[in-house]
Every structure is written in structure tokens, then in C-alpha cells.
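Chemist: I'd like to ask some things about the structure below.
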Amino acid sequence: MTSELTIELEEGLKLNPQFEKRGGLLPVAVQETNTGQVLMLASVNKEALSKTLKTKMATFWSTSRNQLWTKGETSGDYLQIDKILIDCDQDAFVYQVSLVGNGVCHTFDAEGKHRKACFYRELDLEENSLQFIKNMK
């Protein structure tokens with residue numbers, strides 16, 4: 001039996017993120033709009049989502065520092081929001097973004113530059129080991 005809430009969440013046009021369902025934080029996959037590349041994963045709470053919607057710059061909840069942070073405030077590498085997708089039961093997001101700067105990762109490549117994306121390695125399914133993705137900047 002389908003409830004009214006389920007129908008509204010799955011078929012309605014009202015934004016109703018289900019923060020309470022996941023302890024106040026919802027996952028966000030961050031994807032570069034023009035390439036489709038997945039850049040990073042993060043979390044948002046109500047405050048982070050509200051600031052993102054207001055400023056059109058990606059703001060998250062840092063689970064390691066336990067505080068709000070707008071990507072780029074210290075590095076200068078901001079993420080401008082182009083589009084926000086929400087899943088069927090409104091408990092996960094995809095932020096489609098344009099990079100304002102060089103990248104999102106806190107790690108450095110062999111040339112000492114910040115990596116564009118946090119996803120720069122892949123799992124070799126035959127060897128069950130990691131390998132760097134060729135031409136990943």
C-alpha cells in the first residue's frame with residue numbers, strides 16, 4: 001500500500017529532503033557538468049543545502065571537522081552549481097557543477113598540483129588492486 005507521503009516524495013514537485021531519515025546528513029555526488037566526471041562525494045545538512053541554494057556555490061557539512069564549509073573558501077577552487085538532482089525518495093543528491101578553479105581534491109599529482117577529482121584511481125578487477133586512471137588530471 002502506497003502512502004500519500006510516498007506518492008508526494010516520488011511523484012510530487014515539492015522539495016522535501018529526508019534529512020531525518022539519515023541522521024541529518026544526506027549524501028551528495030558532485031559531477032562536472034561539461035564532462036560528466038564524478039569529482040567527489042560529500043554530505044549536506046539542512047544548513048548546507050540552504051546556503052548552496054542561496055549562493056549557487058556548493059556548500060557541504062564536513063564530517064571530519066564537524067562544520068559547514070563552502071568548497072573553495074580556502075583553496076579558491078569553488079564549485080558553481082549548474083543543476084541539482086534529487087533521487088526518487090529525496091534522500092540523496094547529485095550536484096552538477098562547473099569548476100571555478102582547478103579541482104576539488106586535497107591530494108596532489110606527481111607534478112605537485114591539486115588533482116581535479118578525488119576519483120583518480122580505479123580497481124583492477126582481475127588483480128583486486130588499485131591503479132591510476134590514465135590521463136586523469
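Here's how to read the names in the C-alpha cells: chain A, B, ... by the order shown, residue numbers from 1 in each chain, ligand numbers from 1 in the order shown.
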Using only C-alpha atoms, which residues of range 40-132 of chain A come within 10 Å of range 17-23 of chain A, and what is the closest atom pair for each, with the distance in Å to one decimal? Give it as a Markdown table, sorted by chain and residue number.
Modeler:
| residue | atom | partner | partner_atom | distance |
| --- | --- | --- | --- | --- |
| A:Val44 | CA | A:Phe19 | CA | 8.9 |
| A:Asn45 | CA | A:Phe19 | CA | 6.9 |
| A:Lys46 | CA | A:Phe19 | CA | 7.3 |
| A:Leu49 | CA | A:Pro17 | CA | 9.6 |
| A:Ile86 | CA | A:Pro17 | CA | 8.4 |
| A:Asp87 | CA | A:Pro17 | CA | 9.5 |
| A:Asp89 | CA | A:Gln18 | CA | 7.7 |
| A:Gln90 | CA | A:Pro17 | CA | 4.9 |
| A:Asp91 | CA | A:Gln18 | CA | 5.1 |
| A:Ala92 | CA | A:Pro17 | CA | 8.1 |
| A:Phe93 | CA | A:Pro17 | CA | 9.3 |
Chemist: I need the chosen residues saved as a compact mmCIF listing (two decimals), in the first residue's frame, with N, CA, C and O atoms.
Modeler:
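File written: selection.txt
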# COMPACT_ATOMS: atom_id res chain seq x y z
N VAL A 44 25.54 16.83 3.00
CA VAL A 44 24.89 18.11 3.30
C VAL A 44 23.88 17.91 4.42
O VAL A 44 23.26 16.87 4.53
N ASN A 45 23.75 18.96 5.23
CA ASN A 45 22.65 19.04 6.19
C ASN A 45 21.72 20.15 5.70
O ASN A 45 21.95 20.71 4.61
N LYS A 46 20.69 20.47 6.45
CA LYS A 46 19.74 21.50 6.01
C LYS A 46 20.42 22.83 5.77
O LYS A 46 20.15 23.52 4.79
N LEU A 49 22.56 22.80 2.51
CA LEU A 49 21.70 22.86 1.33
C LEU A 49 21.13 24.26 1.16
O LEU A 49 21.12 24.80 0.06
N ILE A 86 17.84 15.27 -7.42
CA ILE A 86 17.50 14.59 -6.18
C ILE A 86 16.90 13.24 -6.54
O ILE A 86 16.22 13.11 -7.56
N ASP A 87 17.20 12.23 -5.74
CA ASP A 87 16.74 10.88 -6.07
C ASP A 87 15.26 10.69 -5.75
O ASP A 87 14.60 11.58 -5.22
N ASP A 89 13.43 9.05 -3.57
CA ASP A 89 12.84 9.23 -2.25
C ASP A 89 13.46 10.40 -1.49
O ASP A 89 13.36 10.48 -0.26
N GLN A 90 14.06 11.32 -2.21
CA GLN A 90 14.56 12.59 -1.71
C GLN A 90 15.52 12.44 -0.53
O GLN A 90 15.45 13.18 0.45
N ASP A 91 16.46 11.47 -0.66
CA ASP A 91 17.46 11.34 0.39
C ASP A 91 18.89 11.24 -0.16
O ASP A 91 19.80 10.78 0.53
N ALA A 92 19.10 11.70 -1.38
CA ALA A 92 20.44 11.78 -1.96
C ALA A 92 20.41 12.78 -3.11
O ALA A 92 19.38 12.93 -3.79
N PHE A 93 21.54 13.46 -3.31
CA PHE A 93 21.64 14.50 -4.34
C PHE A 93 22.78 14.22 -5.31
O PHE A 93 23.76 13.56 -4.96
Chemist: Which polymer residues have any atom within 10 Å of an atom of range 112-119 of chain A, counting only C-alpha atoms, with same-chain residues fewer than 3 positions away left out, as an mmCIF file with N, CA, C and O atoms, in the first residue's frame?
Modeler:
data_model
loop_
_atom_site.group_PDB
_atom_site.id
_atom_site.type_symbol
_atom_site.label_atom_id
_atom_site.label_comp_id
_atom_site.auth_asym_id
_atom_site.auth_seq_id
_atom_site.Cartn_x
_atom_site.Cartn_y
_atom_site.Cartn_z
ATOM 1 N N VAL A 30 29.161 14.826 -6.538
ATOM 2 C CA VAL A 30 29.451 16.059 -7.260
ATOM 3 C C VAL A 30 30.020 15.677 -8.619
ATOM 4 O O VAL A 30 31.016 14.966 -8.712
ATOM 5 N N GLN A 31 29.361 16.160 -9.660
ATOM 6 C CA GLN A 31 29.684 15.787 -11.035
ATOM 7 C C GLN A 31 29.949 17.042 -11.854
ATOM 8 O O GLN A 31 29.195 18.017 -11.781
ATOM 9 N N GLU A 32 31.017 17.021 -12.644
ATOM 10 C CA GLU A 32 31.306 18.146 -13.531
ATOM 11 C C GLU A 32 30.298 18.135 -14.675
ATOM 12 O O GLU A 32 30.142 17.126 -15.364
ATOM 13 N N GLN A 37 32.253 13.850 -15.400
ATOM 14 C CA GLN A 37 33.180 13.228 -14.461
ATOM 15 C C GLN A 37 32.699 13.414 -13.027
ATOM 16 O O GLN A 37 32.318 14.513 -12.618
ATOM 17 N N VAL A 38 32.720 12.327 -12.248
ATOM 18 C CA VAL A 38 32.413 12.414 -10.822
ATOM 19 C C VAL A 38 33.647 12.976 -10.131
ATOM 20 O O VAL A 38 34.741 12.420 -10.235
ATOM 21 N N LEU A 39 33.476 14.098 -9.439
ATOM 22 C CA LEU A 39 34.594 14.788 -8.815
ATOM 23 C C LEU A 39 34.807 14.383 -7.369
ATOM 24 O O LEU A 39 35.940 14.233 -6.922
ATOM 25 N N MET A 40 33.717 14.236 -6.626
ATOM 26 C CA MET A 40 33.837 13.943 -5.197
ATOM 27 C C MET A 40 32.497 13.504 -4.639
ATOM 28 O O MET A 40 31.467 13.642 -5.312
ATOM 29 N N LEU A 41 32.531 12.980 -3.432
ATOM 30 C CA LEU A 41 31.337 12.696 -2.651
ATOM 31 C C LEU A 41 31.402 13.543 -1.396
ATOM 32 O O LEU A 41 32.488 13.782 -0.864
ATOM 33 N N SER A 75 40.907 27.287 -0.734
ATOM 34 C CA SER A 75 41.730 26.951 -1.905
ATOM 35 C C SER A 75 41.502 27.873 -3.100
ATOM 36 O O SER A 75 42.339 27.965 -3.985
ATOM 37 N N ASP A 77 39.233 27.163 -5.197
ATOM 38 C CA ASP A 77 38.655 26.247 -6.185
ATOM 39 C C ASP A 77 37.185 25.983 -5.851
ATOM 40 O O ASP A 77 36.840 24.962 -5.257
ATOM 41 N N LEU A 99 33.601 23.952 -12.509
ATOM 42 C CA LEU A 99 34.755 24.281 -11.675
ATOM 43 C C LEU A 99 35.101 25.755 -11.837
ATOM 44 O O LEU A 99 35.204 26.265 -12.949
ATOM 45 N N GLY A 101 38.135 27.301 -10.772
ATOM 46 C CA GLY A 101 39.446 26.976 -10.229
ATOM 47 C C GLY A 101 39.940 25.705 -10.884
ATOM 48 O O GLY A 101 39.505 25.344 -11.975
ATOM 49 N N ASN A 102 40.820 24.996 -10.181
ATOM 50 C CA ASN A 102 41.496 23.855 -10.794
ATOM 51 C C ASN A 102 40.907 22.488 -10.475
ATOM 52 O O ASN A 102 41.041 21.569 -11.258
ATOM 53 N N GLY A 103 40.336 22.314 -9.318
ATOM 54 C CA GLY A 103 39.838 20.995 -8.968
ATOM 55 C C GLY A 103 39.303 20.943 -7.564
ATOM 56 O O GLY A 103 39.172 21.967 -6.898
ATOM 57 N N VAL A 104 39.018 19.710 -7.114
ATOM 58 C CA VAL A 104 38.372 19.565 -5.813
ATOM 59 C C VAL A 104 39.180 18.766 -4.800
ATOM 60 O O VAL A 104 38.943 18.863 -3.613
ATOM 61 N N CYS A 105 40.128 17.960 -5.248
ATOM 62 C CA CYS A 105 40.800 17.036 -4.349
ATOM 63 C C CYS A 105 41.880 17.728 -3.523
ATOM 64 O O CYS A 105 42.571 18.618 -4.005
ATOM 65 N N HIS A 106 42.039 17.278 -2.281
ATOM 66 C CA HIS A 106 43.074 17.830 -1.410
ATOM 67 C C HIS A 106 44.429 17.156 -1.638
ATOM 68 O O HIS A 106 45.431 17.609 -1.102
ATOM 69 N N THR A 107 44.465 16.106 -2.481
ATOM 70 C CA THR A 107 45.729 15.435 -2.769
ATOM 71 C C THR A 107 46.397 16.085 -3.983
ATOM 72 O O THR A 107 45.778 16.838 -4.727
ATOM 73 N N PHE A 108 47.674 15.728 -4.185
ATOM 74 C CA PHE A 108 48.456 16.316 -5.268
ATOM 75 C C PHE A 108 48.902 15.241 -6.246
ATOM 76 O O PHE A 108 49.180 14.109 -5.852
ATOM 77 N N ASP A 109 49.017 15.623 -7.515
ATOM 78 C CA ASP A 109 49.528 14.690 -8.520
ATOM 79 C C ASP A 109 51.060 14.694 -8.498
ATOM 80 O O ASP A 109 51.680 15.370 -7.664
ATOM 81 N N GLU A 122 41.346 3.518 -10.132
ATOM 82 C CA GLU A 122 40.309 2.523 -10.364
ATOM 83 C C GLU A 122 40.790 1.177 -9.846
ATOM 84 O O GLU A 122 41.992 0.941 -9.702
ATOM 85 N N PHE A 132 46.267 3.930 -11.170
ATOM 86 C CA PHE A 132 45.907 5.295 -11.555
ATOM 87 C C PHE A 132 45.199 5.269 -12.885
ATOM 88 O O PHE A 132 45.555 4.492 -13.782
ATOM 89 N N ILE A 133 44.191 6.105 -13.035
ATOM 90 C CA ILE A 133 43.461 6.216 -14.291
ATOM 91 C C ILE A 133 44.303 7.050 -15.245
ATOM 92 O O ILE A 133 44.716 8.175 -14.892
ATOM 93 N N MET A 136 44.071 11.094 -16.153
ATOM 94 C CA MET A 136 43.203 11.724 -15.166
ATOM 95 C C MET A 136 43.952 12.895 -14.559
ATOM 96 O O MET A 136 45.044 12.736 -14.021
ATOM 97 N N LYS A 137 43.381 14.039 -14.688
ATOM 98 C CA LYS A 137 44.011 15.255 -14.161
ATOM 99 C C LYS A 137 43.374 15.637 -12.865
ATOM 100 O O LYS A 137 42.235 15.497 -12.636
#
Chemist: Do you know which residues are at most 12 Å from range 56-67 of chain A counting only C-alpha atoms, after dropping those on the same chain fewer than 4 positions away, and could you put them as a VMD selection string?
Modeler: chain A and resid 24 to 31 40 to 52 71 to 73 76 to 84 93 to 100 104
Chemist: As a list of chain:residue names, list the residues of range 29-111 of chain A assigned to helix (DSSP H, G or I) by DSSP on the backbone atoms of this structure.
Modeler: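 Output for range 29-111 of chain A, helix (DSSP H, G or I) only: A:Lys46, A:Glu47, A:Ala48, A:Leu49, A:Ser50, A:Lys51, A:Thr52, A:Leu53, A:Lys54, A:Thr55.
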Chemist: For CA of Glu111 in chain A and CA of Gln131 in chain A, determine how far apart the two atoms are, in Å to one decimal place.
Modeler: 17.6 Å
Chemist: Figure out the distance between CA of Glu10 in chain A and CA of Cys88 in chain A, please, to one decimal in Å.
Modeler: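 Distance reported for this atom pair: 5.2 Å.
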Chemist: Quick one: residues within 10 Å of Leu130 in chain A, only C-alpha atoms counted, chain neighbours fewer than 5 positions away excluded, as a VMD selection string?
Modeler: chain A and resid 120 to 125
Chemist: Save the residues we just selected, N, CA and C atoms, as a PDB file, in the first residue's frame?
Modeler:
ATOM      1  N   TYR A 120      40.591   9.350  -8.853  1.00  0.00           N
ATOM      2  CA  TYR A 120      41.694   9.322  -9.812  1.00  0.00           C
ATOM      3  C   TYR A 120      42.313   7.932  -9.931  1.00  0.00           C
ATOM      4  N   ARG A 121      41.767   6.964  -9.201  1.00  0.00           N
ATOM      5  CA  ARG A 121      42.239   5.574  -9.287  1.00  0.00           C
ATOM      6  C   ARG A 121      41.046   4.671  -9.564  1.00  0.00           C
ATOM      7  N   GLU A 122      41.346   3.518 -10.132  1.00  0.00           N
ATOM      8  CA  GLU A 122      40.309   2.523 -10.364  1.00  0.00           C
ATOM      9  C   GLU A 122      40.790   1.177  -9.846  1.00  0.00           C
ATOM     10  N   LEU A 123      39.840   0.305  -9.591  1.00  0.00           N
ATOM     11  CA  LEU A 123      40.146  -1.025  -9.103  1.00  0.00           C
ATOM     12  C   LEU A 123      40.322  -1.969 -10.272  1.00  0.00           C
ATOM     13  N   ASP A 124      41.487  -2.593 -10.349  1.00  0.00           N
ATOM     14  CA  ASP A 124      41.727  -3.632 -11.342  1.00  0.00           C
ATOM     15  C   ASP A 124      40.986  -4.864 -10.846  1.00  0.00           C
ATOM     16  N   LEU A 125      39.926  -5.250 -11.531  1.00  0.00           N
ATOM     17  CA  LEU A 125      39.057  -6.331 -11.070  1.00  0.00           C
ATOM     18  C   LEU A 125      39.707  -7.706 -11.155  1.00  0.00           C
TER      19      LEU A 125
END
Chemist: Report, in Å to a single decimal, how far apart CA of Lys14 in chain A and CA of Gly36 in chain A are.
Modeler: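 Distance between the two atoms: 26.4 Å.
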